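Source file: structure_1.cif. Holds: mmCIF, C-alpha atoms.
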```cif
data_upload
#
loop_
_atom_site.label_atom_id
_atom_site.label_comp_id
_atom_site.auth_asym_id
_atom_site.auth_seq_id
_atom_site.Cartn_x
_atom_site.Cartn_y
_atom_site.Cartn_z
CA MET A 1083 -24.83 -23.88 34.19
CA SER A 1084 -26.57 -24.36 37.51
CA GLY A 1085 -29.59 -22.47 38.68
CA GLU A 1086 -27.36 -20.42 40.99
CA GLY A 1087 -25.46 -19.16 37.96
CA LYS A 1088 -28.49 -17.88 36.08
CA ARG A 1089 -27.90 -14.90 33.82
CA LYS A 1090 -29.44 -11.68 34.94
CA TYR A 1091 -29.93 -10.51 31.37
CA ASN A 1092 -30.60 -12.38 28.13
CA THR A 1093 -27.19 -11.73 26.61
CA TYR A 1094 -26.58 -14.68 24.31
CA SER A 1095 -24.21 -15.05 21.40
CA ASN A 1096 -25.47 -15.56 17.86
CA GLU A 1097 -24.73 -19.27 18.05
CA GLU A 1098 -26.47 -19.71 21.41
CA MET A 1099 -29.65 -17.89 20.37
CA ASN A 1100 -29.86 -19.64 17.00
CA PHE A 1101 -29.44 -22.98 18.76
CA MET A 1102 -32.16 -22.14 21.28
CA ILE A 1103 -34.55 -21.12 18.51
CA SER A 1104 -33.85 -24.29 16.53
CA VAL A 1105 -34.45 -26.44 19.61
CA SER A 1106 -37.66 -24.52 20.33
CA GLU A 1107 -38.93 -25.28 16.81
CA GLU A 1108 -38.13 -28.97 17.14
CA LEU A 1109 -39.78 -29.24 20.56
CA GLY A 1110 -42.78 -27.29 19.26
CA ALA A 1111 -43.11 -29.79 16.43
CA LEU A 1112 -43.31 -32.51 19.12
CA GLY A 1113 -46.22 -30.72 20.77
CA MET A 1114 -44.41 -28.79 23.51
CA SER A 1115 -45.65 -25.26 24.07
CA ILE A 1116 -43.42 -22.19 24.02
CA SER A 1117 -43.99 -21.65 27.76
CA SER A 1118 -42.88 -25.23 28.46
CA VAL A 1119 -39.77 -24.73 26.32
CA ARG A 1120 -39.02 -21.53 28.23
CA ASP A 1121 -39.32 -23.42 31.53
CA LEU A 1122 -36.96 -26.06 30.17
CA TYR A 1123 -34.34 -23.43 29.36
CA GLU A 1124 -34.88 -21.90 32.81
CA ARG A 1125 -34.14 -25.19 34.54
CA ALA A 1126 -31.08 -25.71 32.34
CA GLY A 1127 -29.68 -22.33 33.41
CA TYR A 1128 -30.49 -20.43 30.23
CA PRO A 1129 -33.29 -18.03 31.19
CA VAL A 1130 -35.12 -16.39 28.32
CA THR A 1131 -38.48 -14.66 28.19
CA GLU A 1132 -41.41 -16.33 26.49
CA ARG A 1133 -41.94 -13.17 24.46
CA THR A 1134 -38.38 -13.35 23.08
CA LEU A 1135 -38.78 -16.97 22.07
CA ARG A 1136 -42.13 -16.39 20.37
CA ARG A 1137 -40.89 -13.36 18.47
CA ASN A 1138 -37.72 -15.01 17.18
CA VAL A 1139 -39.33 -18.33 16.31
CA LYS A 1140 -41.99 -16.47 14.37
CA ALA A 1141 -39.38 -14.32 12.60
CA LYS A 1142 -37.41 -17.37 11.57
CA LYS A 1143 -40.49 -19.05 10.19
CA GLU A 1144 -41.14 -15.97 8.11
CA ARG A 1145 -37.49 -16.09 6.99
CA LYS A 1146 -36.89 -12.60 8.32
CA LEU A 1147 -34.54 -13.46 11.12
CA GLU A 1148 -31.31 -11.59 10.57
CA ARG A 1149 -27.93 -11.89 12.18
CA ARG A 1150 -27.79 -10.74 15.78
CA SER A 1151 -25.46 -8.44 17.59
CA SER A 1152 -22.91 -10.29 19.69
CA ASN A 1153 -24.35 -8.80 22.86
CA SER A 1154 -28.05 -8.90 22.15
CA GLY A 1155 -30.72 -11.53 21.65
CA ARG A 1156 -32.92 -9.16 19.65
CA SER A 1157 -33.31 -9.33 15.89
CA CYS A 1158 -31.66 -6.62 13.79
CA LEU A 1159 -33.23 -3.20 14.08
CA LEU A 1160 -32.31 -1.70 10.73
CA SER A 1161 -34.02 -2.44 7.45
CA GLU A 1162 -32.01 -2.76 4.26
CA SER A 1163 -33.02 0.78 3.35
CA GLN A 1164 -31.80 2.12 6.68
CA LYS A 1165 -28.53 0.21 6.33
CA ALA A 1166 -27.98 1.82 2.94
CA LEU A 1167 -28.49 5.26 4.46
CA LEU A 1168 -26.00 4.40 7.21
CA VAL A 1169 -23.41 3.40 4.61
CA GLY A 1170 -24.16 6.56 2.63
CA HIS A 1171 -23.60 8.63 5.78
CA VAL A 1172 -20.14 7.10 6.24
CA LEU A 1173 -19.22 7.74 2.60
CA TRP A 1174 -20.42 11.33 2.87
CA GLN A 1175 -18.24 11.86 5.94
CA ASN A 1176 -15.31 10.42 3.98
CA GLN A 1177 -15.87 12.84 1.13
CA ASN A 1178 -15.92 15.74 3.58
CA LYS A 1179 -12.74 14.46 5.26
CA ASP A 1180 -14.52 13.96 8.59
CA ARG A 1181 -13.35 11.15 10.84
CA VAL A 1182 -15.80 8.27 11.27
CA PHE A 1183 -16.15 6.16 14.41
CA ARG A 1184 -18.64 3.47 15.31
CA LYS A 1185 -20.12 6.09 17.65
CA THR A 1186 -20.73 8.18 14.52
CA GLY A 1187 -23.04 5.43 13.28
CA VAL A 1188 -24.75 5.14 16.67
CA ASP A 1189 -25.51 8.86 16.67
CA PHE A 1190 -26.76 8.78 13.07
CA VAL A 1191 -29.15 5.89 13.73
CA LYS A 1192 -30.42 7.56 16.90
CA GLY A 1193 -30.93 10.92 15.21
CA GLN A 1194 -32.48 9.70 11.96
CA PHE A 1195 -34.40 6.56 12.96
CA LEU A 1196 -34.93 7.15 16.70
CA LEU A 1197 -33.39 3.75 17.40
CA ASP A 1198 -30.89 2.83 20.10
CA VAL A 1199 -28.11 0.54 18.90
CA SER A 1200 -24.81 -0.39 20.46
CA VAL A 1201 -21.39 0.40 19.00
CA MET A 1202 -20.89 -3.36 18.54
CA THR A 1203 -24.04 -3.56 16.43
CA ILE A 1204 -22.87 -0.63 14.31
CA GLY A 1205 -19.50 -2.30 13.95
CA ARG A 1206 -21.25 -5.41 12.63
CA TYR A 1207 -23.28 -3.36 10.16
CA PHE A 1208 -20.07 -1.68 8.97
CA ALA A 1209 -18.37 -5.04 8.49
CA GLU A 1210 -21.32 -6.50 6.58
CA ALA A 1211 -21.32 -3.49 4.25
CA GLY A 1212 -17.59 -3.70 3.60
CA LEU A 1213 -16.61 -0.67 5.68
CA VAL A 1214 -13.37 -1.27 7.54
CA GLN A 1215 -11.13 0.80 9.77
CA ARG A 1216 -8.15 2.11 7.82
CA ARG A 1217 -5.17 4.39 8.36
CA ALA A 1218 -6.11 7.87 7.16
CA HIS A 1219 -4.13 10.68 5.61
CA THR A 1220 -3.90 13.44 8.20
CA ARG A 1221 -2.72 16.19 5.87
CA SER A 1222 -5.28 18.93 5.46
CA CYS A 1223 -3.83 19.97 2.10
CA GLY A 1224 -1.34 18.78 -0.47
CA TYR A 1225 -2.81 15.29 -0.73
CA THR A 1226 -3.66 14.21 -4.28
CA SER A 1227 -6.35 11.60 -4.76
CA THR A 1228 -5.97 8.63 -7.10
CA ASP A 1229 -8.31 10.18 -9.65
CA GLU A 1230 -6.40 13.46 -9.58
CA GLN A 1231 -3.12 11.57 -9.99
CA ALA A 1232 -4.55 9.73 -12.97
CA GLN A 1233 -5.56 12.98 -14.62
CA LEU A 1234 -2.13 14.49 -13.97
CA TYR A 1235 -0.55 11.39 -15.50
CA VAL A 1236 -2.77 11.65 -18.61
CA ASP A 1237 -1.90 15.33 -19.03
CA PHE A 1238 1.81 14.60 -18.59
CA ILE A 1239 1.91 11.76 -21.12
CA ASN A 1240 -0.24 13.49 -23.71
CA GLY A 1241 1.94 16.60 -23.36
CA LEU A 1242 5.18 14.79 -24.23
CA ASP A 1243 7.12 15.63 -27.37
CA ARG A 1244 5.63 13.83 -30.35
CA GLU A 1245 8.94 12.22 -31.27
CA ILE A 1246 9.22 10.79 -27.75
CA LYS A 1247 5.68 9.43 -27.89
CA LYS A 1248 6.40 7.71 -31.21
CA GLY A 1249 9.52 6.15 -29.76
CA ASN A 1250 11.69 7.87 -32.36
CA LYS A 1251 13.71 9.79 -29.79
CA ILE A 1252 15.76 8.17 -27.03
CA ILE A 1253 15.16 9.51 -23.56
CA ALA A 1254 17.22 8.86 -20.45
CA SER A 1255 15.94 8.45 -16.90
CA ILE A 1256 18.13 9.10 -13.88
CA ASP A 1257 17.21 8.38 -10.28
CA PHE A 1258 18.52 7.41 -6.85
CA THR A 1259 17.88 4.41 -4.65
CA TYR A 1260 19.25 2.94 -1.42
CA ASP A 1261 20.20 -0.54 -0.32
CA SER A 1262 18.90 -0.19 3.26
CA LEU A 1263 21.21 -2.93 4.46
CA GLY A 1264 19.94 -2.41 8.00
CA THR A 1265 16.51 -3.68 6.97
CA VAL A 1266 16.38 -7.46 7.15
CA PRO A 1267 13.44 -9.88 6.96
CA LYS A 1268 11.72 -10.21 10.31
CA SER A 1269 9.68 -13.35 9.63
CA THR A 1270 10.63 -16.99 9.97
CA TYR A 1271 9.01 -20.42 10.14
CA SER A 1272 8.47 -22.04 13.53
CA ALA A 1273 6.08 -24.43 15.28
CA LYS A 1274 2.47 -23.35 15.34
CA GLY A 1275 1.37 -22.32 18.83
CA ALA A 1276 4.92 -22.04 20.14
CA ASN A 1277 6.47 -18.91 21.62
CA GLN A 1278 7.40 -16.15 19.22
CA PRO A 1279 10.71 -17.12 17.58
CA CYS A 1280 13.81 -14.94 17.75
CA ILE A 1281 16.33 -14.41 14.95
CA ASP A 1282 19.86 -13.06 14.94
CA VAL A 1283 20.00 -9.85 12.94
CA LYS A 1284 22.99 -9.74 10.60
CA LYS A 1285 23.29 -6.31 9.05
CA SER A 1286 25.73 -3.69 7.90
CA PRO A 1287 25.75 -0.28 9.60
CA PHE A 1288 26.01 1.49 6.23
CA THR A 1289 23.20 2.65 3.95
CA ASN A 1290 24.56 3.30 0.47
CA CYS A 1291 23.14 5.45 -2.31
CA TYR A 1292 23.01 4.25 -5.93
CA VAL A 1293 22.60 6.40 -9.04
CA THR A 1294 21.00 4.60 -11.98
CA LEU A 1295 20.89 5.89 -15.55
CA ILE A 1296 18.82 3.95 -18.09
CA TYR A 1297 17.58 4.64 -21.63
CA SER A 1298 14.40 4.04 -23.59
CA ASP A 1299 16.21 1.88 -26.17
CA GLY A 1300 16.92 -0.64 -23.37
CA SER A 1301 20.54 0.24 -22.71
CA GLN A 1302 21.95 1.54 -19.44
CA SER A 1303 25.03 3.30 -18.12
CA PRO A 1304 26.41 1.17 -15.27
CA CYS A 1305 25.26 2.56 -11.94
CA PHE A 1306 27.41 4.40 -9.40
CA MET A 1307 27.42 3.71 -5.66
CA TYR A 1308 28.17 6.25 -2.94
CA THR A 1309 29.15 5.02 0.51
CA TYR A 1310 30.75 6.09 3.79
CA ASN A 1311 32.31 2.64 4.14
CA GLN A 1312 36.04 3.43 4.14
CA LYS A 1313 36.89 -0.24 3.59
CA PHE A 1314 36.18 0.27 -0.10
CA LEU A 1315 39.41 2.28 -0.27
CA ARG A 1316 42.69 0.56 -1.04
CA LYS A 1317 45.18 0.61 1.80
CA SER A 1318 48.55 2.17 1.20
CA GLY A 1319 51.81 0.49 2.12
CA ASN A 1320 53.08 -3.03 1.68
CA SER A 1321 52.16 -4.60 5.00
CA ASN A 1322 50.55 -8.02 5.13
CA ARG A 1323 47.34 -6.45 6.37
CA ALA A 1324 47.28 -3.95 3.51
CA ARG A 1325 48.02 -6.64 0.91
CA ARG A 1326 45.26 -8.92 2.25
CA HIS A 1327 42.74 -6.09 2.24
CA ASN A 1328 43.64 -4.91 -1.26
CA LYS A 1329 43.54 -8.45 -2.63
CA LYS A 1330 40.12 -9.09 -1.09
CA LEU A 1331 38.82 -5.84 -2.56
CA ALA A 1332 40.22 -6.59 -6.01
CA ASP A 1333 38.82 -10.12 -5.94
CA LEU A 1334 35.33 -8.84 -5.06
CA PHE A 1335 35.39 -6.23 -7.83
CA ALA A 1336 36.47 -8.89 -10.31
CA LYS A 1337 33.95 -11.46 -9.07
CA TYR A 1338 30.96 -9.17 -9.60
CA GLY A 1339 32.30 -7.38 -12.68
CA ILE A 1340 32.35 -3.95 -11.05
CA LYS A 1341 34.99 -1.37 -11.98
CA SER A 1342 36.38 0.34 -8.90
CA HIS A 1343 35.73 3.86 -10.22
CA ARG A 1344 31.98 3.17 -9.91
CA VAL A 1345 32.24 3.05 -6.12
CA LYS A 1346 32.57 6.53 -4.67
CA VAL A 1347 33.72 6.66 -1.04
CA ILE A 1348 32.55 9.77 0.81
CA GLN A 1349 34.77 11.18 3.52
CA PRO A 1350 32.83 12.00 6.70
CA LYS A 1351 33.24 15.35 8.35
CA LYS A 1352 35.93 15.53 10.97
CA GLY A 1353 34.81 14.11 14.29
CA LYS A 1354 31.63 12.53 12.85
CA SER A 1355 30.88 8.90 12.06
CA THR A 1356 28.34 9.12 9.24
CA LYS A 1357 26.83 5.90 7.85
CA TYR A 1358 24.01 7.16 5.61
CA ALA A 1359 24.96 8.33 2.10
CA LYS A 1360 22.42 10.95 1.11
CA GLU A 1361 21.82 11.96 -2.51
CA ASP A 1362 23.24 15.31 -3.59
CA ASN A 1363 23.89 17.29 -6.78
CA THR A 1364 27.43 15.93 -7.31
CA MET A 1365 26.12 12.41 -7.85
CA ALA A 1366 24.07 13.22 -10.95
CA THR A 1367 26.89 15.21 -12.53
CA ASP A 1368 29.46 12.46 -11.80
CA ILE A 1369 27.61 9.77 -13.75
CA LEU A 1370 26.58 12.09 -16.61
CA LYS A 1371 30.19 13.22 -17.06
CA GLN A 1372 31.52 9.66 -16.92
CA TYR A 1373 29.50 8.21 -19.80
CA ASP A 1374 28.71 9.07 -23.38
CA VAL A 1375 24.99 9.64 -22.94
CA PRO A 1376 23.16 8.82 -26.23
CA THR A 1377 20.52 11.55 -25.83
CA ASP A 1378 20.16 15.13 -24.70
CA THR A 1379 16.77 14.55 -23.05
CA ILE A 1380 16.76 13.31 -19.46
CA HIS A 1381 13.87 12.55 -17.14
CA SER A 1382 14.26 12.89 -13.37
CA ASP A 1383 12.35 13.84 -10.25
CA ASN A 1384 11.95 17.37 -8.87
CA GLY A 1385 14.42 16.83 -6.03
CA THR A 1386 17.08 19.24 -4.84
CA ALA A 1387 19.77 16.72 -5.87
CA PHE A 1388 19.55 18.18 -9.38
CA MET A 1389 19.95 21.80 -8.31
CA ARG A 1390 22.90 23.84 -7.06
CA GLY A 1391 22.26 27.38 -5.92
CA GLY A 1392 19.17 27.66 -8.10
CA VAL A 1393 20.99 26.28 -11.17
CA ASP A 1394 19.95 23.00 -12.80
CA VAL A 1395 23.13 20.87 -12.77
CA VAL A 1396 21.82 18.61 -15.55
CA GLU A 1397 21.00 21.45 -17.92
CA GLU A 1398 24.31 23.05 -16.99
CA LEU A 1399 25.96 20.04 -18.68
CA GLY A 1400 24.01 20.71 -21.89
CA PHE A 1401 21.08 18.35 -21.39
CA THR A 1402 17.35 19.06 -21.41
CA ARG A 1403 15.73 17.83 -18.21
CA PHE A 1404 11.99 17.22 -17.88
CA THR A 1405 10.02 16.08 -14.86
CA ALA A 1406 6.60 14.76 -13.96
CA PRO A 1407 4.51 16.15 -11.07
CA ALA A 1408 5.97 14.90 -7.79
CA CYS A 1409 2.85 12.92 -6.83
CA ILE A 1410 3.09 10.69 -9.94
CA HIS A 1411 6.88 10.42 -10.30
CA GLN A 1412 6.91 7.01 -8.62
CA TYR A 1413 4.69 5.71 -11.44
CA VAL A 1414 6.31 7.55 -14.36
CA SER A 1415 9.95 6.85 -13.52
CA PRO A 1416 11.07 3.53 -15.07
CA ASN A 1417 13.86 3.51 -12.46
CA ASP A 1418 11.43 3.54 -9.55
CA ASN A 1419 8.81 1.58 -11.45
CA HIS A 1420 10.27 -1.16 -11.86
CA PHE A 1421 14.02 -1.16 -12.57
CA HIS A 1422 15.12 -0.76 -8.94
CA GLY A 1423 12.58 -3.27 -7.70
CA ALA A 1424 13.53 -5.98 -10.20
CA ALA A 1425 17.22 -5.71 -9.31
CA LYS A 1426 16.57 -5.66 -5.57
CA GLN A 1427 14.32 -8.70 -5.77
CA ALA A 1428 17.13 -10.66 -7.44
CA TRP A 1429 19.58 -9.28 -4.87
CA ARG A 1430 17.51 -10.42 -1.90
CA MET A 1431 17.28 -13.90 -3.37
CA MET A 1432 21.09 -14.11 -3.17
CA GLY A 1433 20.86 -14.53 0.61
CA ASP A 1434 19.66 -12.85 3.78
CA ASP A 1435 23.07 -12.27 5.40
CA TYR A 1436 23.55 -8.51 5.13
CA SER A 1437 26.56 -8.34 7.45
CA ASP A 1438 29.23 -8.21 4.71
CA ALA A 1439 29.42 -4.48 4.01
CA LEU A 1440 31.71 -5.02 0.99
CA GLN A 1441 30.17 -7.97 -0.83
CA ARG A 1442 26.47 -7.19 -0.54
CA PRO A 1443 26.60 -3.71 -2.15
CA LEU A 1444 28.63 -5.08 -5.06
CA GLN A 1445 26.08 -7.85 -5.49
CA LEU A 1446 23.33 -5.24 -5.82
CA MET A 1447 25.35 -3.32 -8.42
CA GLN A 1448 25.74 -6.57 -10.37
CA CYS A 1449 21.97 -7.12 -10.20
CA PHE A 1450 21.40 -3.66 -11.69
CA ASP A 1451 23.87 -4.46 -14.47
CA LYS A 1452 22.15 -7.75 -15.30
CA VAL A 1453 18.68 -6.34 -16.00
CA GLU A 1454 18.04 -7.25 -19.64
CA PRO A 1455 17.79 -4.47 -22.27
CA ALA A 1456 14.41 -5.76 -23.48
CA VAL A 1457 13.12 -5.51 -19.91
CA ILE A 1458 14.38 -1.94 -19.51
CA LYS A 1459 12.82 -0.93 -22.83
CA GLY A 1460 9.55 -2.47 -21.64
CA TYR A 1461 9.61 -0.26 -18.54
CA PHE A 1462 9.84 2.85 -20.73
CA ASP A 1463 7.17 1.64 -23.16
CA ARG A 1464 4.84 0.88 -20.27
CA ASN A 1465 5.38 3.97 -18.12
CA PHE A 1466 5.64 6.54 -20.92
CA PHE A 1467 3.07 4.82 -23.18
CA LEU A 1468 5.47 4.93 -26.12
CA ASP A 1469 4.18 4.04 -29.61
CA GLN A 1470 0.60 4.57 -28.44
CA ARG A 1471 -2.23 6.96 -29.13
CA PRO A 1472 -3.19 9.59 -26.51
CA VAL A 1473 -3.87 7.75 -23.26
CA SER A 1474 -6.98 7.75 -21.08
CA LYS A 1475 -7.48 7.61 -17.32
CA GLU A 1476 -8.56 3.99 -17.63
CA GLU A 1477 -5.24 3.02 -19.26
CA VAL A 1478 -3.27 5.00 -16.70
CA GLY A 1479 -5.22 3.35 -13.89
CA LYS A 1480 -3.60 0.01 -14.68
CA LEU A 1481 -0.29 1.43 -13.43
CA PHE A 1482 -1.93 2.16 -10.08
CA GLY A 1483 -2.86 -1.49 -9.62
CA SER A 1484 -6.56 -1.12 -10.51
CA SER A 1485 -8.68 0.86 -12.91
CA VAL A 1486 -9.56 4.32 -11.63
CA GLU A 1487 -12.76 4.14 -13.68
CA GLN A 1488 -13.97 0.97 -11.96
CA ARG A 1489 -16.29 1.94 -9.08
CA PRO A 1490 -18.60 -0.09 -6.85
CA VAL A 1491 -22.27 0.19 -7.76
CA TYR A 1492 -23.42 -0.57 -4.20
CA PHE A 1493 -21.56 2.33 -2.62
CA ARG A 1494 -22.71 4.75 -5.29
CA ARG A 1495 -26.31 3.74 -4.68
CA CYS A 1496 -25.91 4.21 -0.93
CA LEU A 1497 -24.38 7.64 -1.34
CA LEU A 1498 -27.04 8.67 -3.85
CA LYS A 1499 -29.80 7.51 -1.48
CA TYR A 1500 -28.23 9.39 1.44
CA ARG A 1501 -27.89 12.64 -0.47
CA ARG A 1502 -31.45 12.42 -1.78
CA GLU A 1503 -33.24 11.38 1.41
CA ILE A 1504 -31.08 12.89 4.16
CA LEU A 1505 -29.53 15.92 2.51
CA ASN A 1506 -32.61 16.50 0.31
CA GLU A 1507 -30.51 17.03 -2.82
CA ASP A 1508 -32.28 16.86 -6.16
CA ILE A 1509 -29.72 14.82 -8.07
CA GLU A 1510 -29.92 11.96 -10.55
CA GLU A 1511 -26.45 10.52 -10.00
CA VAL A 1512 -23.40 10.99 -7.80
CA GLU A 1513 -19.80 11.41 -8.79
CA GLU A 1514 -17.51 8.44 -8.48
CA VAL A 1515 -16.85 7.30 -4.92
CA LYS A 1516 -13.11 7.87 -4.71
CA GLY A 1517 -10.85 5.08 -3.53
CA LEU A 1518 -13.45 2.31 -3.30
CA ASP A 1519 -12.25 -0.10 -5.94
CA GLY A 1520 -12.52 -3.86 -5.72
CA ILE A 1521 -13.83 -6.99 -7.34
CA TYR A 1522 -16.16 -7.69 -4.42
CA TRP A 1523 -18.28 -4.60 -4.93
CA ASN A 1524 -18.23 -4.76 -8.71
#
```

Translate the structure of the given file into structure tokens.
Amino acid sequence: MSGEGKRKYNTYSNEEMNFMISVSEELGALGMSISSVRDLYERAGYPVTERTLRRNVKAKKERKLERRSSNSGRSCLLSESQKALLVGHVLWQNQNKDRVFRKTGVDFVKGQFLLDVSVMTIGRYFAEAGLVQRRAHTRSCGYTSTDEQAQLYVDFINGLDREIKKGNKIIASIDFTYDSLGTVPKSTYSAKGANQPCIDVKKSPFTNCYVTLIYSDGSQSPCFMYTYNQKFLRKSGNSNRARRHNKKLADLFAKYGIKSHRVKVIQPKKGKSTKYAKEDNTMATDILKQYDVPTDTIHSDNGTAFMRGGVDVVEELGFTRFTAPACIHQYVSPNDNHFHGAAKQAWRMMGDDYSDALQRPLQLMQCFDKVEPAVIKGYFDRNFFLDQRPVSKEEVGKLFGSSVEQRPVYFRRCLLKYRREILNEDIEEVEEVKGLDGIYWN
């Protein structure tokens, strides 16, 4: 930079200031004074005050020079104790469901420590402490935390019939899932640095509903599919077109080992072109009537698809239906966790062309059929904790992806310090900091 382009303010990046300090130390070791070094930087187009150089060189020698804000040449203002209080303030706002901005940290530092810091500096402190911006739940009520879910799960499992817990009684689990044929992968490989690649989307306009019925002994009743795709119907008449269509349909059913009665074609209302097959109470009764169900105890969700005019359609058929709380159903149900996922993973590996609205749904039904009995039994054993003693929250936490009992020591210390020193609470320990799991902080 020329002298005409001198900076009005000493706004250097971390790298620039660290470089200038290192050069100042080396030149000082050669006998050059700080004022001479400052003049050298001035002539080179990097003006800096002698006071700034002296302070930072001294701080580095004392090994107290901390990382700098991206828009300031000054050393960090907050001590480790003050940083801990800042982190504790954020965690306290989280617990009280108050929204936190970087400006929140600026105001806290100004009010508590009488220090002026920029939002960029606060952002850096947040990042160093492991505080990141995340999507928040906006519901004021009805939201169940992970810990609360774990406790509900424990209560549900420990409240099961003793014969079910011992694995002596077969239970069935019925649920619905969708193929979402309109959802296709949106990523692809291309040259690094090139323009964003485009892909041709090959998809079916229909979204079909599948009813799955599986049992704790590992067996299953072959799933049913409900669709608005009228091409699954045989054509009447003896025309060449009808014969070709019927032959193609029969060949596909034979190829994937699917009996035609398992595909239920829904007739759209007159004048409407419906593509989305939505679950309803006829679907559950259809599959339960079709098969010889080896148990009278069936698990399902709390959805309206099992009710008709206030009457339980499953119990109306002579079964006993039991459910888990809605917020933990996705973990309890062996269908949702993981029967549907295992079949769909195999299905997606069969190709990414979703345009064939006849073949692709039958492929998915075949994938459901091919899930091994031992695998299905494992889903029940895992989700219902069969053949086990009464479960704990720690055991249940493994189903959530991490232990609900595992909490970061650092965050708990910060919150404890904040509540003691800022809120003046006389406490020895704080409750677990909800939702802050992770190997890093443990």

What does the distance between CA of Leu1168 (chain A) and CA of Gly1187 (chain A) come to in Å, to one decimal place?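 According to the coordinates, CA of Leu1168 (chain A) and CA of Gly1187 (chain A) are separated by 6.8 Å.
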
One decimal, Å: what's the distance from CA of Asp1463 (chain A) over to CA of Pro1304 (chain A), could you say?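 We find that CA of Asp1463 (chain A) and CA of Pro1304 (chain A) lie 20.8 Å from each other.
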
Which residue out of A:Lys1192, A:Val1139, A:Trp1429, A:Met1099 has the minimum interatomic distance to Ile1116 (chain A) when all atoms listed in the file are used?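 Between A:Lys1192, A:Val1139, A:Trp1429, A:Met1099, the residue approaching Ile1116 (chain A) most closely is A:Val1139.
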
Give me, as JSON lines, the closest atom pair and its distance (Å, one decimal) for every residue of region 1227-1319 of chain A within a cut-off of 12 Å of region 1404-1412 of chain A, counting only C-alpha atoms, rows sorted by chain and rising number.
```
{"residue": "A:Ser1227", "atom": "CA", "partner": "A:Cys1409", "partner_atom": "CA", "distance": 9.5}
{"residue": "A:Thr1228", "atom": "CA", "partner": "A:Ile1410", "partner_atom": "CA", "distance": 9.7}
{"residue": "A:Asp1229", "atom": "CA", "partner": "A:Ile1410", "partner_atom": "CA", "distance": 11.4}
{"residue": "A:Glu1230", "atom": "CA", "partner": "A:Cys1409", "partner_atom": "CA", "distance": 9.7}
{"residue": "A:Gln1231", "atom": "CA", "partner": "A:Ile1410", "partner_atom": "CA", "distance": 6.3}
{"residue": "A:Ala1232", "atom": "CA", "partner": "A:Ile1410", "partner_atom": "CA", "distance": 8.3}
{"residue": "A:Gln1233", "atom": "CA", "partner": "A:Ile1410", "partner_atom": "CA", "distance": 10.1}
{"residue": "A:Leu1234", "atom": "CA", "partner": "A:Pro1407", "partner_atom": "CA", "distance": 7.4}
{"residue": "A:Tyr1235", "atom": "CA", "partner": "A:Ile1410", "partner_atom": "CA", "distance": 6.7}
{"residue": "A:Val1236", "atom": "CA", "partner": "A:Ile1410", "partner_atom": "CA", "distance": 10.5}
{"residue": "A:Asp1237", "atom": "CA", "partner": "A:Ala1406", "partner_atom": "CA", "distance": 9.9}
{"residue": "A:Phe1238", "atom": "CA", "partner": "A:Ala1406", "partner_atom": "CA", "distance": 6.7}
{"residue": "A:Ile1239", "atom": "CA", "partner": "A:Ala1406", "partner_atom": "CA", "distance": 9.1}
{"residue": "A:Asn1240", "atom": "CA", "partner": "A:Ala1406", "partner_atom": "CA", "distance": 12.0}
{"residue": "A:Gly1241", "atom": "CA", "partner": "A:Ala1406", "partner_atom": "CA", "distance": 10.7}
{"residue": "A:Leu1242", "atom": "CA", "partner": "A:Phe1404", "partner_atom": "CA", "distance": 9.6}
{"residue": "A:Asp1243", "atom": "CA", "partner": "A:Phe1404", "partner_atom": "CA", "distance": 10.8}
{"residue": "A:Ile1253", "atom": "CA", "partner": "A:Phe1404", "partner_atom": "CA", "distance": 10.1}
{"residue": "A:Ala1254", "atom": "CA", "partner": "A:Phe1404", "partner_atom": "CA", "distance": 10.2}
{"residue": "A:Ser1255", "atom": "CA", "partner": "A:Phe1404", "partner_atom": "CA", "distance": 9.7}
{"residue": "A:Ile1256", "atom": "CA", "partner": "A:Thr1405", "partner_atom": "CA", "distance": 10.7}
{"residue": "A:Asp1257", "atom": "CA", "partner": "A:Gln1412", "partner_atom": "CA", "distance": 10.5}
{"residue": "A:Phe1258", "atom": "CA", "partner": "A:Gln1412", "partner_atom": "CA", "distance": 11.8}
{"residue": "A:Thr1259", "atom": "CA", "partner": "A:Gln1412", "partner_atom": "CA", "distance": 12.0}
```

Output C-alpha atoms for every residue in that selection, as a compact mmCIF listing (two decimals), keeping the file's coordinate frame.
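File produced: result27.txt:
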```txt
# COMPACT_ATOMS: atom_id res chain seq x y z
CA SER A 1227 -6.35 11.60 -4.76
CA THR A 1228 -5.97 8.63 -7.10
CA ASP A 1229 -8.31 10.18 -9.65
CA GLU A 1230 -6.40 13.46 -9.58
CA GLN A 1231 -3.12 11.57 -9.99
CA ALA A 1232 -4.55 9.73 -12.97
CA GLN A 1233 -5.56 12.98 -14.62
CA LEU A 1234 -2.13 14.49 -13.97
CA TYR A 1235 -0.55 11.39 -15.50
CA VAL A 1236 -2.77 11.65 -18.61
CA ASP A 1237 -1.90 15.33 -19.03
CA PHE A 1238 1.81 14.60 -18.59
CA ILE A 1239 1.91 11.76 -21.12
CA ASN A 1240 -0.24 13.49 -23.71
CA GLY A 1241 1.94 16.60 -23.36
CA LEU A 1242 5.18 14.79 -24.23
CA ASP A 1243 7.12 15.63 -27.37
CA ILE A 1253 15.16 9.51 -23.56
CA ALA A 1254 17.22 8.86 -20.45
CA SER A 1255 15.94 8.45 -16.90
CA ILE A 1256 18.13 9.10 -13.88
CA ASP A 1257 17.21 8.38 -10.28
CA PHE A 1258 18.52 7.41 -6.85
CA THR A 1259 17.88 4.41 -4.65
```
